[in-house]
file upload-v3.cif (mmCIF, C-alpha atoms)
data_entry
loop_
_atom_site.group_PDB
_atom_site.id
_atom_site.type_symbol
_atom_site.label_atom_id
_atom_site.label_comp_id
_atom_site.auth_asym_id
_atom_site.auth_seq_id
_atom_site.Cartn_x
_atom_site.Cartn_y
_atom_site.Cartn_z
ATOM 1 C CA MET V 1 -10.113 36.592 -28.262
ATOM 2 C CA GLY V 2 -12.462 33.593 -28.855
ATOM 3 C CA GLN V 3 -10.907 30.482 -30.410
ATOM 4 C CA ALA V 4 -7.412 32.031 -30.285
ATOM 5 C CA TYR V 5 -6.288 29.410 -27.767
ATOM 6 C CA ARG V 6 -5.854 26.976 -30.679
ATOM 7 C CA ASP V 7 -3.172 29.323 -32.035
ATOM 8 C CA LEU V 8 -1.185 29.298 -28.780
ATOM 9 C CA GLN V 9 1.812 26.967 -28.626
ATOM 10 C CA VAL V 10 1.475 26.896 -24.831
ATOM 11 C CA TRP V 11 -2.030 25.453 -25.182
ATOM 12 C CA HIS V 12 -0.750 22.703 -27.504
ATOM 13 C CA ARG V 13 2.154 21.837 -25.179
ATOM 14 C CA SER V 14 -0.144 21.843 -22.151
ATOM 15 C CA MET V 15 -2.420 19.417 -24.021
ATOM 16 C CA ASP V 16 0.648 17.208 -24.614
ATOM 17 C CA MET V 17 1.486 17.443 -20.924
ATOM 18 C CA ALA V 18 -2.068 16.562 -19.865
ATOM 19 C CA ALA V 19 -2.081 13.574 -22.234
ATOM 20 C CA SER V 20 1.282 12.423 -20.848
ATOM 21 C CA VAL V 21 0.028 12.722 -17.271
ATOM 22 C CA TYR V 22 -3.203 10.913 -18.153
ATOM 23 C CA GLU V 23 -1.255 8.029 -19.706
ATOM 24 C CA LEU V 24 1.076 7.915 -16.696
ATOM 25 C CA SER V 25 -1.930 7.853 -14.356
ATOM 26 C CA LYS V 26 -3.174 4.660 -16.017
ATOM 27 C CA THR V 27 -0.169 2.888 -14.500
ATOM 28 C CA ILE V 28 -0.889 4.026 -10.937
ATOM 29 C CA PRO V 29 -2.255 1.133 -8.859
ATOM 30 C CA ARG V 30 -6.032 0.751 -9.048
ATOM 31 C CA GLU V 31 -6.478 1.194 -5.291
ATOM 32 C CA ASP V 32 -5.340 4.803 -5.694
ATOM 33 C CA LEU V 33 -7.962 5.599 -8.356
ATOM 34 C CA TYR V 34 -9.773 8.131 -6.160
ATOM 35 C CA GLY V 35 -6.616 9.592 -4.665
ATOM 36 C CA MET V 36 -3.567 10.394 -6.748
ATOM 37 C CA THR V 37 -5.013 9.243 -10.072
ATOM 38 C CA SER V 38 -8.086 11.436 -9.849
ATOM 39 C CA GLN V 39 -6.209 14.458 -8.536
ATOM 40 C CA ILE V 40 -3.339 14.412 -11.018
ATOM 41 C CA ARG V 41 -5.749 14.009 -13.931
ATOM 42 C CA ARG V 42 -7.873 16.962 -12.792
ATOM 43 C CA SER V 43 -4.837 19.165 -12.230
ATOM 44 C CA SER V 44 -3.284 18.362 -15.595
ATOM 45 C CA MET V 45 -6.535 18.969 -17.487
ATOM 46 C CA SER V 46 -6.972 22.256 -15.673
ATOM 47 C CA VAL V 47 -3.875 23.749 -17.324
ATOM 48 C CA PRO V 48 -5.026 23.772 -20.981
ATOM 49 C CA SER V 49 -8.625 24.326 -19.889
ATOM 50 C CA ASN V 50 -7.762 27.558 -18.091
ATOM 51 C CA ILE V 51 -5.598 28.754 -20.974
ATOM 52 C CA ALA V 52 -8.530 28.175 -23.329
ATOM 53 C CA GLU V 53 -11.059 29.766 -20.985
ATOM 54 C CA GLY V 54 -8.849 32.807 -20.524
ATOM 55 C CA THR V 55 -8.728 33.487 -24.254
ATOM 56 C CA GLY V 56 -12.510 33.686 -24.240
ATOM 57 C CA ARG V 57 -12.577 36.492 -21.697
ATOM 58 C CA LYS V 58 -13.225 40.142 -22.457
ATOM 59 C CA ASN V 59 -9.868 41.687 -21.689
ATOM 60 C CA VAL V 60 -6.179 41.043 -21.138
ATOM 61 C CA GLY V 61 -6.496 41.346 -17.356
ATOM 62 C CA GLU V 62 -8.947 38.459 -17.220
ATOM 63 C CA PHE V 63 -6.767 36.430 -19.591
ATOM 64 C CA LYS V 64 -3.782 36.971 -17.282
ATOM 65 C CA GLN V 65 -5.881 35.830 -14.324
ATOM 66 C CA PHE V 66 -6.712 32.551 -16.062
ATOM 67 C CA LEU V 67 -3.081 32.093 -17.077
ATOM 68 C CA ALA V 68 -2.154 32.509 -13.414
ATOM 69 C CA ILE V 69 -4.688 29.815 -12.494
ATOM 70 C CA ALA V 70 -3.197 27.552 -15.189
ATOM 71 C CA ARG V 71 0.244 28.222 -13.745
ATOM 72 C CA GLY V 72 -0.958 27.227 -10.285
ATOM 73 C CA SER V 73 -2.504 24.033 -11.627
ATOM 74 C CA ASN V 74 0.777 23.277 -13.378
ATOM 75 C CA TYR V 75 2.593 23.564 -10.039
ATOM 76 C CA GLU V 76 0.039 21.128 -8.604
ATOM 77 C CA VAL V 77 0.884 18.683 -11.394
ATOM 78 C CA GLN V 78 4.599 18.995 -10.645
ATOM 79 C CA THR V 79 4.000 18.385 -6.940
ATOM 80 C CA GLN V 80 1.823 15.355 -7.636
ATOM 81 C CA LEU V 81 4.406 13.939 -10.041
ATOM 82 C CA GLU V 82 7.106 14.302 -7.384
ATOM 83 C CA LEU V 83 4.845 12.600 -4.857
ATOM 84 C CA ALA V 84 4.140 9.780 -7.329
ATOM 85 C CA ARG V 85 7.910 9.368 -7.660
ATOM 86 C CA LYS V 86 8.413 9.367 -3.890
ATOM 87 C CA LEU V 87 5.688 6.730 -3.446
ATOM 88 C CA ASN V 88 6.851 4.645 -6.459
ATOM 89 C CA LEU V 89 3.401 4.900 -8.046
ATOM 90 C CA ALA V 90 4.721 5.143 -11.623
ATOM 91 C CA SER V 91 7.939 4.518 -13.507
ATOM 92 C CA ALA V 92 10.691 7.117 -13.306
ATOM 93 C CA PRO V 93 10.921 7.574 -17.110
ATOM 94 C CA ARG V 94 7.187 8.351 -17.361
ATOM 95 C CA ILE V 95 7.393 10.761 -14.445
ATOM 96 C CA ASP V 96 10.483 12.431 -15.925
ATOM 97 C CA ALA V 97 8.777 12.856 -19.304
ATOM 98 C CA ALA V 98 5.617 14.352 -17.801
ATOM 99 C CA LEU V 99 7.634 16.553 -15.453
ATOM 100 C CA GLY V 100 9.748 17.824 -18.348
ATOM 101 C CA LEU V 101 6.619 18.807 -20.272
ATOM 102 C CA SER V 102 5.169 20.452 -17.193
ATOM 103 C CA GLN V 103 8.324 22.488 -16.634
ATOM 104 C CA GLU V 104 8.325 23.568 -20.276
ATOM 105 C CA VAL V 105 4.678 24.595 -20.032
ATOM 106 C CA GLY V 106 5.427 26.557 -16.859
ATOM 107 C CA LYS V 107 8.100 28.576 -18.644
ATOM 108 C CA MET V 108 5.770 29.195 -21.568
ATOM 109 C CA ILE V 109 2.943 30.394 -19.322
ATOM 110 C CA PHE V 110 5.319 32.742 -17.502
ATOM 111 C CA ALA V 111 6.612 34.139 -20.800
ATOM 112 C CA LEU V 112 3.072 34.656 -22.095
ATOM 113 C CA ILE V 113 2.015 36.475 -18.931
ATOM 114 C CA GLU V 114 5.088 38.717 -19.163
ATOM 115 C CA SER V 115 4.391 39.508 -22.811
ATOM 116 C CA LEU V 116 0.837 40.722 -22.183
#

call {"tool": "encode", "arguments": {"input": "upload-v3.cif", "output": "structure tokens"}}
result
Amino acid sequence: MGQAYRDLQVWHRSMDMAASVYELSKTIPREDLYGMTSQIRRSSMSVPSNIAEGTGRKNVGEFKQFLAIARGSNYEVQTQLELARKLNLASAPRIDAALGLSQEVGKMIFALIESL
């Protein structure tokens, strides 16, 4: 499979989502740098990273496993975005935009898993 992740639309959208979350996290108060900021950044970067890593595996079963991990990380992102909203750590429009991308990515990951 190799570099095939660059051909996957889900990888590109998950990169967009991670960039959106990263930009949003810059607005979270500095005192939460090692809490929410750190966690939401790691979770969002995990989604495209696991998609890419999965394409480098030997077989479809391993690829599906990494897609499932990406899906789980995407749910973490959604949870953290909802918590950021609840705690007023970022603006609602930024949260809505990142959440919309995350939901789109989730549907794409599910569809890819089902197609394999």

call {"tool": "resolve_selection", "arguments": {"input": "upload-v3.cif", "expression": "the PyMOL selection byres ((chain V and resi 43) around 9)", "output": "number ranges by chain"}}
result
V: 18, 38-42, 44-47, 73-77, 80

call {"tool": "closest_residue", "arguments": {"input": "upload-v3.cif", "among": "V:Glu114, V:Asn50, V:Gly35, V:Met17", "to": "Gln78 of chain V", "atoms": "all atoms listed in the file"}}
result
V:Met17

call {"tool": "resolve_selection", "arguments": {"input": "upload-v3.cif", "expression": "the PyMOL selection byres ((chain V and resi 89) around 9)", "output": "count of residues only"}}
result
13

call {"tool": "closest_residue", "arguments": {"input": "upload-v3.cif", "among": "V:Arg94, V:His12, V:Lys64, V:Arg71", "to": "Ser115 of chain V", "atoms": "all atoms listed in the file"}}
result
V:Lys64

call {"tool": "residues_around", "arguments": {"input": "upload-v3.cif", "residues": "Lys26 of chain V", "least_positions_apart": "4", "cutoff": "10 Å", "atoms": "all atoms listed in the file", "output": "JSON, numbers by chain"}}
result
{"V": [21, 22, 30, 33, 37, 41, 90]}

call {"tool": "atom_distance", "arguments": {"input": "upload-v3.cif", "atom1": "atom CA of Gln103 of chain V", "atom2": "atom CA of Gln9 of chain V"}}
result
14.4 Å

call {"tool": "resolve_selection", "arguments": {"input": "upload-v3.cif", "expression": "the PyMOL selection byres ((chain V and resi 108-112) around 8)", "output": "list of chain:residue names"}}
result
V:Val10, V:Leu67, V:Ala70, V:Arg71, V:Glu104, V:Val105, V:Gly106, V:Lys107, V:Ile113, V:Glu114, V:Ser115, V:Leu116

call {"tool": "write_last_selection", "arguments": {"input": "upload-v3.cif", "atoms": "C-alpha atoms", "output": "compact mmCIF listing (two decimals), in the frame of the given file"}}
result
# COMPACT_ATOMS: atom_id res chain seq x y z
CA VAL V 10 1.48 26.90 -24.83
CA LEU V 67 -3.08 32.09 -17.08
CA ALA V 70 -3.20 27.55 -15.19
CA ARG V 71 0.24 28.22 -13.74
CA GLU V 104 8.32 23.57 -20.28
CA VAL V 105 4.68 24.60 -20.03
CA GLY V 106 5.43 26.56 -16.86
CA LYS V 107 8.10 28.58 -18.64
CA ILE V 113 2.02 36.48 -18.93
CA GLU V 114 5.09 38.72 -19.16
CA SER V 115 4.39 39.51 -22.81
CA LEU V 116 0.84 40.72 -22.18

call {"tool": "closest_residue", "arguments": {"input": "upload-v3.cif", "among": "V:Leu101, V:Arg57, V:Gly72, V:Ile95", "to": "Met15 of chain V", "atoms": "all atoms listed in the file"}}
result
V:Leu101

call {"tool": "axis_aligned_box", "arguments": {"input": "upload-v3.cif", "around": "segment 77-91 of chain V", "padding_each_side": "5 Å", "output": "AutoDock Vina command-line options"}}
result
--center_x 4.6 --center_y 11.8 --center_z -8.5 --size_x 17.5 --size_y 24.5 --size_z 20.1

call {"tool": "residues_around", "arguments": {"input": "upload-v3.cif", "residues": "Thr55 of chain V", "least_positions_apart": "4", "cutoff": "12 Å", "atoms": "all atoms listed in the file", "output": "PyMOL selection string"}}
result
chain V and resi 1-8+11+48-51+59-67

call {"tool": "closest_residue", "arguments": {"input": "upload-v3.cif", "among": "V:Ala52, V:Glu82, V:Ala97, V:Ser102", "to": "Glu23 of chain V", "atoms": "all atoms listed in the file"}}
result
V:Ala97

call {"tool": "atom_distance", "arguments": {"input": "upload-v3.cif", "atom1": "atom CA of Leu99 of chain V", "atom2": "atom CA of Ser20 of chain V"}}
result
9.3 Å

call {"tool": "closest_residue", "arguments": {"input": "upload-v3.cif", "among": "V:Asp32, V:Leu24, V:Ala68, V:Lys58", "to": "Ala92 of chain V", "atoms": "all atoms listed in the file"}}
result
V:Leu24

call {"tool": "decode", "arguments": {"input": "upload-v3.cif", "residues": "segment 24-74 of chain V", "atoms": "N, CA and C atoms", "output": "mmCIF file, in the first residue's frame"}}
result
data_model
loop_
_atom_site.group_PDB
_atom_site.id
_atom_site.type_symbol
_atom_site.label_atom_id
_atom_site.label_comp_id
_atom_site.auth_asym_id
_atom_site.auth_seq_id
_atom_site.Cartn_x
_atom_site.Cartn_y
_atom_site.Cartn_z
ATOM 1 N N LEU V 24 -7.757 26.195 16.411
ATOM 2 C CA LEU V 24 -8.688 26.443 17.511
ATOM 3 C C LEU V 24 -7.954 26.368 18.850
ATOM 4 N N SER V 25 -7.061 25.397 18.989
ATOM 5 C CA SER V 25 -6.370 25.198 20.267
ATOM 6 C C SER V 25 -5.468 26.371 20.626
ATOM 7 N N LYS V 26 -5.066 27.156 19.632
ATOM 8 C CA LYS V 26 -4.244 28.337 19.917
ATOM 9 C C LYS V 26 -5.026 29.397 20.690
ATOM 10 N N THR V 27 -6.349 29.313 20.632
ATOM 11 C CA THR V 27 -7.187 30.295 21.325
ATOM 12 C C THR V 27 -7.561 29.857 22.743
ATOM 13 N N ILE V 28 -7.260 28.624 23.088
ATOM 14 C CA ILE V 28 -7.552 28.133 24.440
ATOM 15 C C ILE V 28 -6.610 28.836 25.413
ATOM 16 N N PRO V 29 -7.112 29.269 26.555
ATOM 17 C CA PRO V 29 -6.264 29.988 27.514
ATOM 18 C C PRO V 29 -4.958 29.256 27.826
ATOM 19 N N ARG V 30 -3.909 30.043 27.942
ATOM 20 C CA ARG V 30 -2.544 29.525 28.145
ATOM 21 C C ARG V 30 -2.446 28.592 29.357
ATOM 22 N N GLU V 31 -3.207 28.865 30.399
ATOM 23 C CA GLU V 31 -3.102 28.027 31.603
ATOM 24 C C GLU V 31 -3.581 26.597 31.364
ATOM 25 N N ASP V 32 -4.228 26.359 30.238
ATOM 26 C CA ASP V 32 -4.696 25.011 29.917
ATOM 27 C C ASP V 32 -3.809 24.336 28.864
ATOM 28 N N LEU V 33 -2.598 24.867 28.685
ATOM 29 C CA LEU V 33 -1.680 24.355 27.667
ATOM 30 C C LEU V 33 -1.403 22.864 27.830
ATOM 31 N N TYR V 34 -1.245 22.399 29.048
ATOM 32 C CA TYR V 34 -0.905 20.991 29.278
ATOM 33 C C TYR V 34 -2.120 20.124 29.536
ATOM 34 N N GLY V 35 -3.295 20.706 29.490
ATOM 35 C CA GLY V 35 -4.529 19.959 29.651
ATOM 36 C C GLY V 35 -5.217 19.787 28.326
ATOM 37 N N MET V 36 -6.261 20.559 28.107
ATOM 38 C CA MET V 36 -7.073 20.453 26.901
ATOM 39 C C MET V 36 -6.261 20.690 25.627
ATOM 40 N N THR V 37 -5.441 21.723 25.622
ATOM 41 C CA THR V 37 -4.693 22.067 24.411
ATOM 42 C C THR V 37 -3.835 20.898 23.947
ATOM 43 N N SER V 38 -3.064 20.361 24.847
ATOM 44 C CA SER V 38 -2.178 19.244 24.512
ATOM 45 C C SER V 38 -2.969 18.019 24.063
ATOM 46 N N GLN V 39 -4.010 17.701 24.772
ATOM 47 C CA GLN V 39 -4.796 16.502 24.474
ATOM 48 C C GLN V 39 -5.525 16.598 23.142
ATOM 49 N N ILE V 40 -6.156 17.720 22.873
ATOM 50 C CA ILE V 40 -6.931 17.853 21.642
ATOM 51 C C ILE V 40 -6.004 17.883 20.420
ATOM 52 N N ARG V 41 -4.832 18.454 20.589
ATOM 53 C CA ARG V 41 -3.855 18.436 19.484
ATOM 54 C C ARG V 41 -3.398 17.017 19.190
ATOM 55 N N ARG V 42 -3.054 16.268 20.231
ATOM 56 C CA ARG V 42 -2.595 14.881 20.037
ATOM 57 C C ARG V 42 -3.682 14.034 19.400
ATOM 58 N N SER V 43 -4.897 14.163 19.878
ATOM 59 C CA SER V 43 -6.002 13.368 19.334
ATOM 60 C C SER V 43 -6.252 13.687 17.865
ATOM 61 N N SER V 44 -6.247 14.978 17.531
ATOM 62 C CA SER V 44 -6.538 15.357 16.150
ATOM 63 C C SER V 44 -5.426 14.911 15.201
ATOM 64 N N MET V 45 -4.185 14.976 15.639
ATOM 65 C CA MET V 45 -3.074 14.533 14.792
ATOM 66 C C MET V 45 -3.044 13.024 14.647
ATOM 67 N N SER V 46 -3.609 12.336 15.600
ATOM 68 C CA SER V 46 -3.647 10.878 15.564
ATOM 69 C C SER V 46 -4.517 10.347 14.426
ATOM 70 N N VAL V 47 -5.529 11.096 14.035
ATOM 71 C CA VAL V 47 -6.457 10.623 12.999
ATOM 72 C C VAL V 47 -5.740 10.452 11.656
ATOM 73 N N PRO V 48 -5.165 11.504 11.062
ATOM 74 C CA PRO V 48 -4.476 11.290 9.785
ATOM 75 C C PRO V 48 -3.233 10.418 9.927
ATOM 76 N N SER V 49 -2.592 10.477 11.081
ATOM 77 C CA SER V 49 -1.394 9.656 11.295
ATOM 78 C C SER V 49 -1.717 8.174 11.228
ATOM 79 N N ASN V 50 -2.821 7.768 11.857
ATOM 80 C CA ASN V 50 -3.195 6.357 11.832
ATOM 81 C C ASN V 50 -3.700 5.913 10.463
ATOM 82 N N ILE V 51 -4.357 6.817 9.748
ATOM 83 C CA ILE V 51 -4.766 6.486 8.376
ATOM 84 C C ILE V 51 -3.511 6.232 7.534
ATOM 85 N N ALA V 52 -2.538 7.119 7.646
ATOM 86 C CA ALA V 52 -1.296 6.968 6.889
ATOM 87 C C ALA V 52 -0.554 5.701 7.297
ATOM 88 N N GLU V 53 -0.431 5.469 8.592
ATOM 89 C CA GLU V 53 0.287 4.282 9.057
ATOM 90 C C GLU V 53 -0.393 3.006 8.581
ATOM 91 N N GLY V 54 -1.714 3.002 8.595
ATOM 92 C CA GLY V 54 -2.446 1.820 8.155
ATOM 93 C C GLY V 54 -2.199 1.467 6.700
ATOM 94 N N THR V 55 -2.023 2.483 5.859
ATOM 95 C CA THR V 55 -1.773 2.184 4.439
ATOM 96 C C THR V 55 -0.413 1.547 4.228
ATOM 97 N N GLY V 56 0.473 1.718 5.188
ATOM 98 C CA GLY V 56 1.804 1.122 5.084
ATOM 99 C C GLY V 56 1.886 -0.300 5.609
ATOM 100 N N ARG V 57 0.802 -0.828 6.077
ATOM 101 C CA ARG V 57 0.782 -2.187 6.617
ATOM 102 C C ARG V 57 0.656 -3.224 5.515
ATOM 103 N N LYS V 58 0.881 -4.469 5.891
ATOM 104 C CA LYS V 58 0.974 -5.560 4.912
ATOM 105 C C LYS V 58 -0.343 -5.996 4.305
ATOM 106 N N ASN V 59 -1.419 -5.894 5.060
ATOM 107 C CA ASN V 59 -2.679 -6.435 4.543
ATOM 108 C C ASN V 59 -3.875 -5.570 4.943
ATOM 109 N N VAL V 60 -5.000 -5.887 4.358
ATOM 110 C CA VAL V 60 -6.230 -5.125 4.579
ATOM 111 C C VAL V 60 -6.672 -5.185 6.038
ATOM 112 N N GLY V 61 -6.496 -6.331 6.678
ATOM 113 C CA GLY V 61 -6.893 -6.469 8.079
ATOM 114 C C GLY V 61 -6.162 -5.484 8.979
ATOM 115 N N GLU V 62 -4.868 -5.324 8.747
ATOM 116 C CA GLU V 62 -4.100 -4.363 9.535
ATOM 117 C C GLU V 62 -4.527 -2.934 9.207
ATOM 118 N N PHE V 63 -4.798 -2.658 7.940
ATOM 119 C CA PHE V 63 -5.269 -1.340 7.540
ATOM 120 C C PHE V 63 -6.575 -1.010 8.258
ATOM 121 N N LYS V 64 -7.497 -1.970 8.288
ATOM 122 C CA LYS V 64 -8.771 -1.762 8.986
ATOM 123 C C LYS V 64 -8.545 -1.465 10.466
ATOM 124 N N GLN V 65 -7.593 -2.160 11.067
ATOM 125 C CA GLN V 65 -7.290 -1.948 12.483
ATOM 126 C C GLN V 65 -6.841 -0.498 12.715
ATOM 127 N N PHE V 66 -5.984 0.016 11.852
ATOM 128 C CA PHE V 66 -5.526 1.388 12.011
ATOM 129 C C PHE V 66 -6.630 2.392 11.710
ATOM 130 N N LEU V 67 -7.513 2.061 10.784
ATOM 131 C CA LEU V 67 -8.674 2.920 10.537
ATOM 132 C C LEU V 67 -9.576 2.968 11.769
ATOM 133 N N ALA V 68 -9.707 1.828 12.443
ATOM 134 C CA ALA V 68 -10.515 1.787 13.665
ATOM 135 C C ALA V 68 -9.878 2.649 14.761
ATOM 136 N N ILE V 69 -8.561 2.637 14.839
ATOM 137 C CA ILE V 69 -7.865 3.488 15.810
ATOM 138 C C ILE V 69 -8.090 4.960 15.458
ATOM 139 N N ALA V 70 -8.007 5.280 14.154
ATOM 140 C CA ALA V 70 -8.259 6.657 13.709
ATOM 141 C C ALA V 70 -9.680 7.069 14.067
ATOM 142 N N ARG V 71 -10.609 6.159 13.895
ATOM 143 C CA ARG V 71 -12.009 6.445 14.224
ATOM 144 C C ARG V 71 -12.160 6.740 15.719
ATOM 145 N N GLY V 72 -11.493 5.956 16.539
ATOM 146 C CA GLY V 72 -11.531 6.198 17.982
ATOM 147 C C GLY V 72 -10.931 7.541 18.352
ATOM 148 N N SER V 73 -9.812 7.882 17.730
ATOM 149 C CA SER V 73 -9.194 9.185 17.984
ATOM 150 C C SER V 73 -10.119 10.312 17.548
ATOM 151 N N ASN V 74 -10.836 10.097 16.457
ATOM 152 C CA ASN V 74 -11.779 11.108 15.978
ATOM 153 C C ASN V 74 -12.907 11.316 16.994
#
